[in-house]
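Peer 1: What follows is query_36.csv; its format and atoms are CSV, C-alpha atoms (C1' of nucleotides).
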```
chain,number,residue,atom,x,y,z
N,1,MET,CA,22.7,-0.1,18.5
N,2,SER,CA,22.1,3.6,18.3
N,3,LYS,CA,19.9,5.5,20.7
N,4,GLN,CA,17.5,6.1,17.9
N,5,LYS,CA,17.1,2.4,17.2
N,6,GLU,CA,16.8,1.7,20.9
N,7,ALA,CA,14.0,4.3,21.2
N,8,ILE,CA,12.1,2.9,18.3
N,9,ILE,CA,12.2,-0.6,19.8
N,10,ARG,CA,11.2,0.8,23.2
N,11,VAL,CA,8.1,2.5,21.6
N,12,LEU,CA,7.2,-0.7,19.8
N,13,ARG,CA,7.6,-2.8,22.9
N,14,GLU,CA,5.5,-0.5,25.1
N,15,THR,CA,2.5,-0.4,22.8
N,16,SER,CA,0.0,-3.1,22.3
N,17,SER,CA,-1.3,-1.4,19.2
N,18,HIS,CA,0.0,-2.0,15.8
N,19,PRO,CA,1.3,1.5,14.9
N,20,SER,CA,2.2,3.0,11.6
N,21,ALA,CA,5.7,4.4,10.9
N,22,GLU,CA,4.3,7.9,11.2
N,23,TRP,CA,2.9,7.2,14.7
N,24,ILE,CA,6.1,5.6,15.8
N,25,TYR,CA,8.0,8.7,14.5
N,26,GLU,CA,5.8,11.0,16.6
N,27,GLN,CA,6.3,8.9,19.8
N,28,VAL,CA,10.1,8.6,19.3
N,29,ARG,CA,10.4,12.3,18.9
N,30,LYS,CA,9.4,12.7,22.6
N,31,ASP,CA,12.6,10.8,23.4
N,32,VAL,CA,14.9,11.9,20.5
N,33,PRO,CA,13.4,15.2,19.4
N,34,ASN,CA,15.5,15.7,16.2
N,35,ILE,CA,15.3,12.2,14.9
N,36,GLY,CA,14.5,12.1,11.1
N,37,LEU,CA,11.5,10.2,9.7
N,38,ALA,CA,13.9,8.4,7.3
N,39,THR,CA,15.7,7.0,10.3
N,40,VAL,CA,12.5,5.5,11.6
N,41,TYR,CA,11.7,4.0,8.2
N,42,ARG,CA,15.3,2.7,7.9
N,43,ASN,CA,15.4,1.1,11.3
N,44,LEU,CA,11.9,-0.4,10.9
N,45,ARG,CA,13.0,-2.0,7.6
N,46,LEU,CA,16.2,-3.3,9.2
N,47,LEU,CA,14.4,-4.6,12.2
N,48,ASN,CA,11.9,-6.4,9.9
N,49,GLU,CA,14.7,-7.9,7.9
N,50,ALA,CA,16.4,-9.1,11.1
N,51,GLY,CA,13.1,-10.6,12.1
N,52,GLU,CA,12.8,-8.5,15.3
N,53,VAL,CA,9.6,-6.9,14.2
N,54,SER,CA,7.0,-7.8,11.6
N,55,GLU,CA,5.3,-5.7,9.0
N,56,ILE,CA,1.5,-5.9,8.7
N,57,ARG,CA,0.0,-4.8,5.4
N,58,THR,CA,-3.6,-4.0,6.0
N,59,SER,CA,-6.5,-3.7,3.6
N,60,GLY,CA,-6.9,0.1,3.3
N,61,ASP,CA,-4.5,1.6,5.8
N,62,GLY,CA,-0.8,1.8,5.3
N,63,THR,CA,1.9,-0.5,6.7
N,64,ARG,CA,1.8,-1.3,10.4
N,65,PHE,CA,4.5,-2.7,12.6
N,66,ASP,CA,4.3,-5.4,15.3
N,67,TYR,CA,6.8,-6.2,18.0
N,68,ASN,CA,5.4,-9.7,18.3
N,69,THR,CA,6.9,-11.8,15.5
N,70,ARG,CA,5.3,-15.0,16.5
N,71,THR,CA,2.6,-16.1,14.1
N,72,HIS,CA,-0.8,-14.8,15.3
N,73,TYR,CA,-3.9,-13.6,13.7
N,74,HIS,CA,-5.3,-10.1,13.3
N,75,PHE,CA,-8.6,-8.3,13.2
N,76,HIS,CA,-8.8,-5.1,11.2
N,77,CYS,CA,-11.5,-2.6,12.0
N,78,ASP,CA,-12.9,-1.1,8.8
N,79,ARG,CA,-14.2,1.9,10.7
N,80,CYS,CA,-11.2,3.1,12.8
N,81,GLY,CA,-8.5,1.2,11.1
N,82,ARG,CA,-7.2,-0.3,14.3
N,83,ILE,CA,-5.7,-3.8,14.3
N,84,LEU,CA,-6.3,-6.1,17.2
N,85,ASP,CA,-4.6,-9.4,18.1
N,86,LEU,CA,-6.8,-12.4,18.1
N,87,ASP,CA,-6.1,-15.3,20.5
N,88,GLU,CA,-7.5,-17.8,17.9
N,89,PRO,CA,-5.2,-20.9,18.0
N,90,ILE,CA,-2.7,-21.1,15.2
N,91,ASP,CA,-3.2,-23.6,12.5
N,92,THR,CA,0.1,-25.4,12.7
N,93,THR,CA,-0.6,-27.9,9.9
N,94,ILE,CA,-1.8,-25.7,7.1
N,95,GLU,CA,1.6,-24.7,5.7
N,96,ALA,CA,2.9,-28.3,5.4
N,97,ARG,CA,-0.5,-29.5,4.2
N,98,ILE,CA,-0.7,-27.0,1.3
N,99,ALA,CA,3.0,-27.5,0.5
N,100,ARG,CA,2.4,-31.2,0.2
N,101,ARG,CA,-0.6,-30.8,-1.9
N,102,THR,CA,0.6,-28.1,-4.3
N,103,GLY,CA,4.4,-28.4,-4.3
N,104,LEU,CA,4.7,-24.8,-3.3
N,105,ARG,CA,7.3,-24.0,-0.7
N,106,VAL,CA,5.3,-22.4,2.1
N,107,THR,CA,7.1,-20.4,4.8
N,108,ARG,CA,4.4,-18.3,6.4
N,109,HIS,CA,0.7,-17.8,6.7
N,110,HIS,CA,-1.5,-15.1,8.0
N,111,LEU,CA,-5.1,-14.8,8.7
N,112,GLU,CA,-6.9,-11.5,8.8
N,113,LEU,CA,-10.5,-11.0,9.9
N,114,GLY,CA,-12.3,-7.8,9.2
N,115,GLY,CA,-15.3,-5.9,10.4
N,116,VAL,CA,-16.2,-3.5,13.2
N,117,CYS,CA,-14.5,-3.4,16.6
N,118,LEU,CA,-16.2,-3.1,19.9
N,119,ASP,CA,-15.5,0.6,20.3
N,120,CYS,CA,-16.9,1.5,16.9
N,121,GLN,CA,-20.0,-0.7,17.6
N,122,LYS,CA,-20.6,1.3,20.8
N,123,LEU,CA,-20.3,4.5,18.9
N,124,GLU,CA,-23.0,3.4,16.5
N,125,THR,CA,-25.4,2.7,19.4
N,126,HIS,CA,-24.8,6.0,21.0
N,127,THR,CA,-25.3,8.1,17.9
N,128,GLY,CA,-28.1,5.9,16.7
N,129,ALA,CA,-26.3,5.6,13.4
N,130,CYS,CA,-27.6,2.8,11.2
N,131,VAL,CA,-25.2,0.7,9.3
D,132,MET,CA,-21.3,1.9,-18.1
D,133,SER,CA,-18.7,3.6,-20.3
D,134,LYS,CA,-16.7,1.6,-22.9
D,135,GLN,CA,-13.6,2.2,-20.7
D,136,LYS,CA,-15.2,0.6,-17.6
D,137,GLU,CA,-16.5,-2.2,-19.8
D,138,ALA,CA,-12.9,-2.8,-21.2
D,139,ILE,CA,-11.5,-2.8,-17.7
D,140,ILE,CA,-14.0,-5.4,-16.5
D,141,ARG,CA,-13.3,-7.5,-19.6
D,142,VAL,CA,-9.5,-7.5,-19.0
D,143,LEU,CA,-10.1,-8.5,-15.4
D,144,ARG,CA,-12.5,-11.3,-16.3
D,145,GLU,CA,-10.3,-12.7,-18.9
D,146,THR,CA,-7.2,-13.1,-16.8
D,147,SER,CA,-6.6,-15.6,-14.1
D,148,SER,CA,-3.8,-13.6,-12.6
D,149,HIS,CA,-4.2,-10.9,-10.0
D,150,PRO,CA,-3.0,-7.9,-11.9
D,151,SER,CA,-1.8,-4.5,-10.8
D,152,ALA,CA,-3.5,-1.3,-12.0
D,153,GLU,CA,-0.5,-0.6,-14.2
D,154,TRP,CA,-0.8,-4.0,-15.9
D,155,ILE,CA,-4.5,-3.5,-16.4
D,156,TYR,CA,-3.9,-0.1,-17.9
D,157,GLU,CA,-1.4,-1.6,-20.5
D,158,GLN,CA,-4.0,-4.3,-21.5
D,159,VAL,CA,-6.9,-1.9,-21.7
D,160,ARG,CA,-4.9,0.4,-24.0
D,161,LYS,CA,-5.0,-2.3,-26.6
D,162,ASP,CA,-8.8,-1.9,-26.7
D,163,VAL,CA,-9.1,1.8,-25.9
D,164,PRO,CA,-5.7,3.3,-26.9
D,165,ASN,CA,-6.1,6.8,-25.4
D,166,ILE,CA,-7.5,5.8,-22.1
D,167,GLY,CA,-6.0,7.6,-19.2
D,168,LEU,CA,-4.3,5.9,-16.2
D,169,ALA,CA,-6.5,7.9,-13.9
D,170,THR,CA,-9.6,6.5,-15.5
D,171,VAL,CA,-8.3,3.0,-14.8
D,172,TYR,CA,-7.6,3.8,-11.1
D,173,ARG,CA,-11.0,5.6,-10.8
D,174,ASN,CA,-13.0,2.7,-12.2
D,175,LEU,CA,-11.1,0.1,-10.2
D,176,ARG,CA,-11.9,2.1,-7.0
D,177,LEU,CA,-15.5,2.4,-8.0
D,178,LEU,CA,-15.8,-1.3,-8.9
D,179,ASN,CA,-14.2,-2.2,-5.6
D,180,GLU,CA,-16.6,0.0,-3.6
D,181,ALA,CA,-19.5,-1.6,-5.5
D,182,GLY,CA,-18.2,-5.0,-4.6
D,183,GLU,CA,-17.6,-6.1,-8.2
D,184,VAL,CA,-13.9,-6.6,-7.8
D,185,SER,CA,-11.7,-6.9,-4.7
D,186,GLU,CA,-8.4,-5.3,-3.9
D,187,ILE,CA,-5.6,-7.5,-2.6
D,188,ARG,CA,-2.9,-5.7,-0.6
D,189,THR,CA,0.3,-7.8,-0.7
D,190,SER,CA,3.4,-7.6,1.4
D,191,GLY,CA,5.9,-6.0,-0.8
D,192,ASP,CA,4.2,-5.6,-4.1
D,193,GLY,CA,1.5,-3.0,-4.7
D,194,THR,CA,-2.2,-3.4,-4.8
D,195,ARG,CA,-3.6,-6.1,-7.0
D,196,PHE,CA,-7.1,-6.6,-8.2
D,197,ASP,CA,-9.3,-9.8,-8.4
D,198,TYR,CA,-12.4,-10.2,-10.4
D,199,ASN,CA,-13.4,-13.1,-8.1
D,200,THR,CA,-15.0,-11.5,-5.1
D,201,ARG,CA,-16.1,-14.8,-3.4
D,202,THR,CA,-13.9,-15.6,-0.4
D,203,HIS,CA,-10.9,-17.6,-1.4
D,204,TYR,CA,-7.3,-17.9,-0.2
D,205,HIS,CA,-4.1,-16.7,-1.8
D,206,PHE,CA,-0.5,-17.7,-2.1
D,207,HIS,CA,2.0,-14.9,-2.5
D,208,CYS,CA,5.4,-15.8,-4.0
D,209,ASP,CA,8.1,-13.8,-2.3
D,210,ARG,CA,10.4,-14.2,-5.3
D,211,CYS,CA,8.3,-13.1,-8.3
D,212,GLY,CA,5.5,-11.4,-6.5
D,213,ARG,CA,2.8,-13.4,-8.2
D,214,ILE,CA,-0.4,-14.3,-6.4
D,215,LEU,CA,-2.0,-17.7,-6.9
D,216,ASP,CA,-5.4,-18.9,-5.9
D,217,LEU,CA,-5.5,-21.8,-3.5
D,218,ASP,CA,-8.3,-24.3,-3.6
D,219,GLU,CA,-8.1,-24.8,0.1
D,220,PRO,CA,-11.7,-25.2,1.4
D,221,ILE,CA,-13.1,-22.1,3.0
D,222,ASP,CA,-13.5,-22.0,6.8
D,223,THR,CA,-17.2,-21.2,6.9
D,224,THR,CA,-17.4,-21.1,10.7
D,225,ILE,CA,-14.5,-18.9,11.8
D,226,GLU,CA,-16.3,-15.5,11.3
D,227,ALA,CA,-19.2,-16.5,13.5
D,228,ARG,CA,-17.0,-18.3,16.0
D,229,ILE,CA,-14.8,-15.3,16.6
D,230,ALA,CA,-17.7,-12.9,16.6
D,231,ARG,CA,-19.4,-14.9,19.3
D,232,ARG,CA,-16.3,-15.2,21.4
D,233,THR,CA,-15.1,-11.6,21.1
D,234,GLY,CA,-18.2,-9.5,20.4
D,235,LEU,CA,-16.5,-8.2,17.3
D,236,ARG,CA,-18.7,-7.8,14.2
D,237,VAL,CA,-16.9,-9.9,11.6
D,238,THR,CA,-17.7,-9.4,8.0
D,239,ARG,CA,-14.8,-11.0,6.1
D,240,HIS,CA,-11.7,-13.1,6.5
D,241,HIS,CA,-8.7,-13.8,4.3
D,242,LEU,CA,-5.9,-16.2,4.6
D,243,GLU,CA,-2.6,-15.5,2.9
D,244,LEU,CA,0.1,-18.1,2.5
D,245,GLY,CA,3.6,-17.0,1.5
D,246,GLY,CA,6.7,-18.6,0.1
D,247,VAL,CA,8.2,-19.7,-3.2
D,248,CYS,CA,6.0,-20.7,-6.2
D,249,LEU,CA,6.8,-23.7,-8.5
D,250,ASP,CA,8.3,-21.6,-11.3
D,251,CYS,CA,10.7,-19.9,-8.9
D,252,GLN,CA,11.6,-23.2,-7.4
D,253,LYS,CA,12.5,-24.6,-10.8
D,254,LEU,CA,14.6,-21.6,-11.6
D,255,GLU,CA,16.6,-22.2,-8.5
D,256,THR,CA,17.4,-25.8,-9.6
D,257,HIS,CA,18.3,-24.7,-13.1
D,258,THR,CA,20.7,-22.0,-12.1
D,259,GLY,CA,22.0,-23.9,-9.1
D,260,ALA,CA,21.2,-20.9,-7.0
D,261,CYS,CA,21.4,-21.6,-3.3
D,262,VAL,CA,18.8,-20.0,-1.1
T,263,DA,C1',-32.1,18.8,-34.6
T,264,DT,C1',-30.9,21.8,-30.5
T,265,DT,C1',-30.2,22.7,-26.2
T,266,DA,C1',-29.5,21.9,-21.4
T,267,DA,C1',-28.0,19.1,-17.6
T,268,DC,C1',-25.0,16.0,-16.1
T,269,DA,C1',-21.8,12.2,-15.8
T,270,DA,C1',-17.4,10.3,-17.2
T,271,DT,C1',-13.2,11.2,-19.4
T,272,DG,C1',-8.0,12.4,-20.3
T,273,DA,C1',-4.3,15.2,-19.0
T,274,DT,C1',-1.8,16.8,-15.5
T,275,DA,C1',-0.8,18.5,-11.0
T,276,DA,C1',-0.6,17.2,-6.4
T,277,DT,C1',-0.2,14.0,-2.5
T,278,DC,C1',1.3,10.3,0.1
T,279,DA,C1',4.3,6.7,1.8
T,280,DC,C1',8.6,5.5,1.4
T,281,DT,C1',13.7,5.3,-0.4
T,282,DA,C1',18.2,7.2,-2.0
T,283,DT,C1',21.6,10.5,-1.5
T,284,DT,C1',24.7,13.2,0.7
T,285,DA,C1',27.1,15.6,4.0
T,286,DT,C1',27.7,15.5,9.0
T,287,DG,C1',28.7,13.9,13.6
T,288,DA,C1',29.9,10.1,16.9
T,289,DT,C1',32.8,6.3,17.9
T,290,DA,C1',36.8,3.2,17.8
T,291,DG,C1',41.3,1.7,16.3
T,292,DC,C1',45.9,3.3,15.3
Q,293,DG,C1',45.4,13.6,17.3
Q,294,DC,C1',44.1,11.4,12.9
Q,295,DT,C1',41.6,8.5,10.1
Q,296,DA,C1',38.2,4.8,9.0
Q,297,DT,C1',33.7,3.5,9.9
Q,298,DC,C1',29.1,3.8,10.7
Q,299,DA,C1',24.5,5.7,11.7
Q,300,DT,C1',22.5,9.8,11.5
Q,301,DA,C1',19.7,14.2,9.8
Q,302,DA,C1',18.2,16.7,6.1
Q,303,DT,C1',16.6,16.7,1.9
Q,304,DA,C1',15.7,15.4,-2.7
Q,305,DG,C1',13.6,12.0,-5.3
Q,306,DT,C1',10.6,8.0,-6.6
Q,307,DG,C1',6.5,5.4,-7.6
Q,308,DA,C1',1.8,4.6,-6.7
Q,309,DT,C1',-2.4,6.7,-6.2
Q,310,DT,C1',-5.7,10.6,-6.0
Q,311,DA,C1',-7.5,15.3,-6.9
Q,312,DT,C1',-8.5,18.9,-10.1
Q,313,DC,C1',-10.5,20.6,-14.0
Q,314,DA,C1',-11.5,21.7,-18.6
Q,315,DT,C1',-13.4,18.9,-22.2
Q,316,DT,C1',-16.1,15.5,-24.1
Q,317,DG,C1',-19.8,12.1,-24.5
Q,318,DT,C1',-24.7,10.9,-23.1
Q,319,DT,C1',-29.3,11.5,-22.1
Q,320,DA,C1',-33.7,13.8,-22.0
Q,321,DA,C1',-36.5,17.5,-22.9
Q,322,DT,C1',-37.9,20.9,-26.1
```
Written as structure tokens, that's how I'd like the structure from this file.

Peer 2:
Amino acid sequence: MSKQKEAIIRVLRETSSHPSAEWIYEQVRKDVPNIGLATVYRNLRLLNEAGEVSEIRTSGDGTRFDYNTRTHYHFHCDRCGRILDLDEPIDTTIEARIARRTGLRVTRHHLELGGVCLDCQKLETHTGACV
Amino acid sequence: MSKQKEAIIRVLRETSSHPSAEWIYEQVRKDVPNIGLATVYRNLRLLNEAGEVSEIRTSGDGTRFDYNTRTHYHFHCDRCGRILDLDEPIDTTIEARIARRTGLRVTRHHLELGGVCLDCQKLETHTGACV
DNA sequence: ATTAACAATGATAATCACTATTATGATAGC
DNA sequence: GCTATCATAATAGTGATTATCATTGTTAAT
């Protein structure tokens, strides 16, 4: 466990957002100024393979990382690109159900909702923009 | 509507797979041999913006395209990368439900299951590979 | 038919996110 | 102290996608 890896985990743990590798890099630089971007990518990949973080591939923006590896659902704002956690209850039967019906081996599932977040809706009202 | 755009749509309509831009490019070249790769990308982007095709961003493999723009759910094989359509019934209430509960404006949702497809499972048996 | 206006193309350069390479520095066992 | 090991920093490289731009259709008016 290098100080770089530690710093990356600390950044991930202390944010409730779902940051990109680039953003994580910027934050970690405050702790470890001469860290390389490749180190961030490498450790994020290793952490993902070890199941300590999970990758989120969004529609439109790049790859994001999540310290919370338990299955949960996401909302993606098409305006600002932010990802929010939803507290929608997890469908615990769908993987087995589809596996039984189709024969596929199902090991994960993810639900993504999309639209406009509260902040971006407020912004519309203030500016009078019509969408 | 150029003959290039037409050919791209034809390829998309005639395949049940969820092809990458590169694959579409290879197919369209049979019709329009000297089409440029950039033209394929440009038209795919335009078609997506016009809502005539939809982009699928997978975990691991690149962007895929789907001529079917009606909401439906996908299965992503983590071995071969193929995407299959599921005939799981669509949850028609979730968008409104979450919108009501959270205030978010919800305009779309997508469910992705992941695991190992039938072909890749067969392959395991034949080779005796242990996963 | 000719021209003008304009949209779409093909070729290629550039960009972006990410990965491989390589030489270096820290750490631990001998 | 010396060497093996491992993660690192720096940088070059890769692959997918996008921007640029001169050229080529395409259409409409003359």

Peer 1: Go through D:Cys248, D:Ala152, D:Leu178, D:Ile229 one by one, measure the shortest atom-to-atom distance of each to Met132 in chain D using only C-alpha atoms, and give the residue with the smallest value.

Peer 2: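 Closest to Met132 in chain D of all the choices is D:Leu178.
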
Peer 1: Which one of N:Leu44, N:Ser17, N:Val28, N:Gly62 sits closest to chain T if you count all atoms listed in the file?

Peer 2: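 That would be N:Gly62, the residue with the smallest distance to chain T.
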
Peer 1: Excluding range 275-283 of chain T and residues on its chain fewer than 3 positions from it, collect all residues at most 9 Å away from it, counting only C-alpha atoms (C1' of nucleotides), and give them as a list in words.

Peer 2: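 Near range 275-283 of chain T, the qualifying residues are Ala38, Tyr41, Arg42 and Gly62 of chain N; DT303, DA304, DG305, DT306, DA308, DT309, DT310, DA311 and DT312 of chain Q.
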
Peer 1: Could you write out chain D as an mmCIF file with C-alpha atoms, in the frame of the given file once it has been least-squares superposed on chain N using every ordered C-alpha pair?

Peer 2:
```cif
data_model
loop_
_atom_site.group_PDB
_atom_site.id
_atom_site.type_symbol
_atom_site.label_atom_id
_atom_site.label_comp_id
_atom_site.auth_asym_id
_atom_site.auth_seq_id
_atom_site.Cartn_x
_atom_site.Cartn_y
_atom_site.Cartn_z
ATOM 1 C CA MET D 132 22.699 -0.266 18.090
ATOM 2 C CA SER D 133 22.205 3.507 17.995
ATOM 3 C CA LYS D 134 20.085 5.290 20.657
ATOM 4 C CA GLN D 135 17.530 6.009 17.871
ATOM 5 C CA LYS D 136 17.100 2.299 16.985
ATOM 6 C CA GLU D 137 16.966 1.501 20.688
ATOM 7 C CA ALA D 138 14.155 4.172 21.184
ATOM 8 C CA ILE D 139 12.257 2.773 18.243
ATOM 9 C CA ILE D 140 12.376 -0.770 19.614
ATOM 10 C CA ARG D 141 11.318 0.522 23.037
ATOM 11 C CA VAL D 142 8.241 2.352 21.630
ATOM 12 C CA LEU D 143 7.276 -0.785 19.747
ATOM 13 C CA ARG D 144 7.689 -3.045 22.768
ATOM 14 C CA GLU D 145 5.768 -0.839 25.005
ATOM 15 C CA THR D 146 2.646 -0.569 22.917
ATOM 16 C CA SER D 147 0.078 -3.207 22.331
ATOM 17 C CA SER D 148 -1.256 -1.503 19.263
ATOM 18 C CA HIS D 149 0.040 -1.997 15.758
ATOM 19 C CA PRO D 150 1.326 1.438 14.985
ATOM 20 C CA SER D 151 2.148 3.181 11.745
ATOM 21 C CA ALA D 152 5.630 4.589 11.065
ATOM 22 C CA GLU D 153 4.237 8.083 11.493
ATOM 23 C CA TRP D 154 2.859 7.243 14.947
ATOM 24 C CA ILE D 155 6.130 5.663 15.943
ATOM 25 C CA TYR D 156 8.022 8.701 14.777
ATOM 26 C CA GLU D 157 5.811 11.031 17.000
ATOM 27 C CA GLN D 158 6.461 8.769 20.084
ATOM 28 C CA VAL D 159 10.165 8.438 19.469
ATOM 29 C CA ARG D 160 10.512 12.233 19.225
ATOM 30 C CA LYS D 161 9.603 12.436 22.857
ATOM 31 C CA ASP D 162 12.799 10.494 23.646
ATOM 32 C CA VAL D 163 15.028 11.708 20.821
ATOM 33 C CA PRO D 164 13.518 15.086 19.761
ATOM 34 C CA ASN D 165 15.543 15.697 16.569
ATOM 35 C CA ILE D 166 15.265 12.284 15.110
ATOM 36 C CA GLY D 167 14.492 12.244 11.463
ATOM 37 C CA LEU D 168 11.476 10.466 9.877
ATOM 38 C CA ALA D 169 13.820 8.756 7.487
ATOM 39 C CA THR D 170 15.763 7.249 10.329
ATOM 40 C CA VAL D 171 12.530 5.770 11.667
ATOM 41 C CA TYR D 172 11.598 4.247 8.257
ATOM 42 C CA ARG D 173 15.219 3.002 7.774
ATOM 43 C CA ASN D 174 15.380 1.240 11.126
ATOM 44 C CA LEU D 175 11.911 -0.251 10.789
ATOM 45 C CA ARG D 176 12.963 -1.716 7.380
ATOM 46 C CA LEU D 177 16.156 -3.023 8.844
ATOM 47 C CA LEU D 178 14.415 -4.523 11.895
ATOM 48 C CA ASN D 179 11.878 -6.140 9.613
ATOM 49 C CA GLU D 180 14.565 -7.674 7.371
ATOM 50 C CA ALA D 181 16.305 -8.978 10.509
ATOM 51 C CA GLY D 182 13.084 -10.532 11.637
ATOM 52 C CA GLU D 183 12.811 -8.470 14.831
ATOM 53 C CA VAL D 184 9.562 -6.827 13.909
ATOM 54 C CA SER D 185 6.962 -7.661 11.248
ATOM 55 C CA GLU D 186 5.169 -5.429 8.821
ATOM 56 C CA ILE D 187 1.403 -5.749 8.523
ATOM 57 C CA ARG D 188 -0.088 -4.522 5.237
ATOM 58 C CA THR D 189 -3.777 -3.673 5.810
ATOM 59 C CA SER D 190 -6.545 -3.096 3.347
ATOM 60 C CA GLY D 191 -7.021 0.568 3.339
ATOM 61 C CA ASP D 192 -4.701 1.871 5.959
ATOM 62 C CA GLY D 193 -0.940 2.011 5.464
ATOM 63 C CA THR D 194 1.707 -0.282 6.727
ATOM 64 C CA ARG D 195 1.709 -1.088 10.393
ATOM 65 C CA PHE D 196 4.399 -2.620 12.480
ATOM 66 C CA ASP D 197 4.258 -5.411 15.183
ATOM 67 C CA TYR D 198 6.885 -6.154 17.697
ATOM 68 C CA ASN D 199 5.411 -9.675 18.062
ATOM 69 C CA THR D 200 6.892 -11.683 15.252
ATOM 70 C CA ARG D 201 5.399 -15.087 16.336
ATOM 71 C CA THR D 202 2.527 -16.114 14.060
ATOM 72 C CA HIS D 203 -0.739 -14.761 15.287
ATOM 73 C CA TYR D 204 -3.979 -13.580 13.674
ATOM 74 C CA HIS D 205 -5.371 -10.093 13.295
ATOM 75 C CA PHE D 206 -8.674 -8.322 13.228
ATOM 76 C CA HIS D 207 -8.861 -5.182 11.141
ATOM 77 C CA CYS D 208 -11.670 -2.717 11.949
ATOM 78 C CA ASP D 209 -12.974 -1.198 8.759
ATOM 79 C CA ARG D 210 -14.288 1.831 10.642
ATOM 80 C CA CYS D 211 -11.317 3.070 12.704
ATOM 81 C CA GLY D 212 -8.569 1.174 11.023
ATOM 82 C CA ARG D 213 -7.266 -0.345 14.213
ATOM 83 C CA ILE D 214 -5.743 -3.804 14.257
ATOM 84 C CA LEU D 215 -6.395 -6.159 17.155
ATOM 85 C CA ASP D 216 -4.708 -9.383 18.028
ATOM 86 C CA LEU D 217 -6.902 -12.443 18.090
ATOM 87 C CA ASP D 218 -6.189 -15.288 20.435
ATOM 88 C CA GLU D 219 -7.501 -17.767 17.963
ATOM 89 C CA PRO D 220 -5.258 -20.887 18.165
ATOM 90 C CA ILE D 221 -2.719 -21.126 15.403
ATOM 91 C CA ASP D 222 -3.237 -23.710 12.635
ATOM 92 C CA THR D 223 0.072 -25.515 13.000
ATOM 93 C CA THR D 224 -0.601 -27.983 10.181
ATOM 94 C CA ILE D 225 -1.801 -25.866 7.259
ATOM 95 C CA GLU D 226 1.713 -24.855 5.962
ATOM 96 C CA ALA D 227 2.852 -28.445 5.697
ATOM 97 C CA ARG D 228 -0.493 -29.668 4.415
ATOM 98 C CA ILE D 229 -0.564 -27.232 1.541
ATOM 99 C CA ALA D 230 3.094 -27.689 0.778
ATOM 100 C CA ARG D 231 2.599 -31.409 0.463
ATOM 101 C CA ARG D 232 -0.464 -31.088 -1.687
ATOM 102 C CA THR D 233 0.802 -28.357 -4.018
ATOM 103 C CA GLY D 234 4.601 -28.642 -4.025
ATOM 104 C CA LEU D 235 4.777 -25.028 -2.977
ATOM 105 C CA ARG D 236 7.436 -24.142 -0.379
ATOM 106 C CA VAL D 237 5.412 -22.527 2.397
ATOM 107 C CA THR D 238 7.164 -20.460 4.947
ATOM 108 C CA ARG D 239 4.421 -18.392 6.614
ATOM 109 C CA HIS D 240 0.693 -17.917 6.843
ATOM 110 C CA HIS D 241 -1.526 -15.140 8.145
ATOM 111 C CA LEU D 242 -5.177 -14.930 8.711
ATOM 112 C CA GLU D 243 -6.918 -11.578 8.693
ATOM 113 C CA LEU D 244 -10.446 -11.086 9.927
ATOM 114 C CA GLY D 245 -12.269 -7.856 9.091
ATOM 115 C CA GLY D 246 -15.283 -5.987 10.337
ATOM 116 C CA VAL D 247 -16.323 -3.591 13.082
ATOM 117 C CA CYS D 248 -14.513 -3.486 16.481
ATOM 118 C CA LEU D 249 -16.365 -3.102 19.850
ATOM 119 C CA ASP D 250 -15.633 0.615 20.227
ATOM 120 C CA CYS D 251 -17.044 1.364 16.784
ATOM 121 C CA GLN D 252 -20.037 -0.751 17.507
ATOM 122 C CA LYS D 253 -20.766 1.205 20.665
ATOM 123 C CA LEU D 254 -20.432 4.468 18.851
ATOM 124 C CA GLU D 255 -23.055 3.364 16.427
ATOM 125 C CA THR D 256 -25.541 2.682 19.285
ATOM 126 C CA HIS D 257 -24.772 5.981 20.955
ATOM 127 C CA THR D 258 -25.267 8.127 17.922
ATOM 128 C CA GLY D 259 -28.092 6.013 16.562
ATOM 129 C CA ALA D 260 -26.193 5.756 13.340
ATOM 130 C CA CYS D 261 -27.624 3.175 10.993
ATOM 131 C CA VAL D 262 -25.183 1.091 9.028
#
```

Peer 1: Which value, in Å to one decimal, gives the distance between CA of Phe65 in chain N and CA of Pro33 in chain N?

Peer 2: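 Separation between CA of Phe65 in chain N and CA of Pro33 in chain N: 21.1 Å.
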
Peer 1: Could you tell me how far CA of Tyr25 in chain N lies from CA of Arg57 in chain N, in Å and to one decimal?

Peer 2: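 Going from CA of Tyr25 in chain N over to CA of Arg57 in chain N, I get 18.1 Å.
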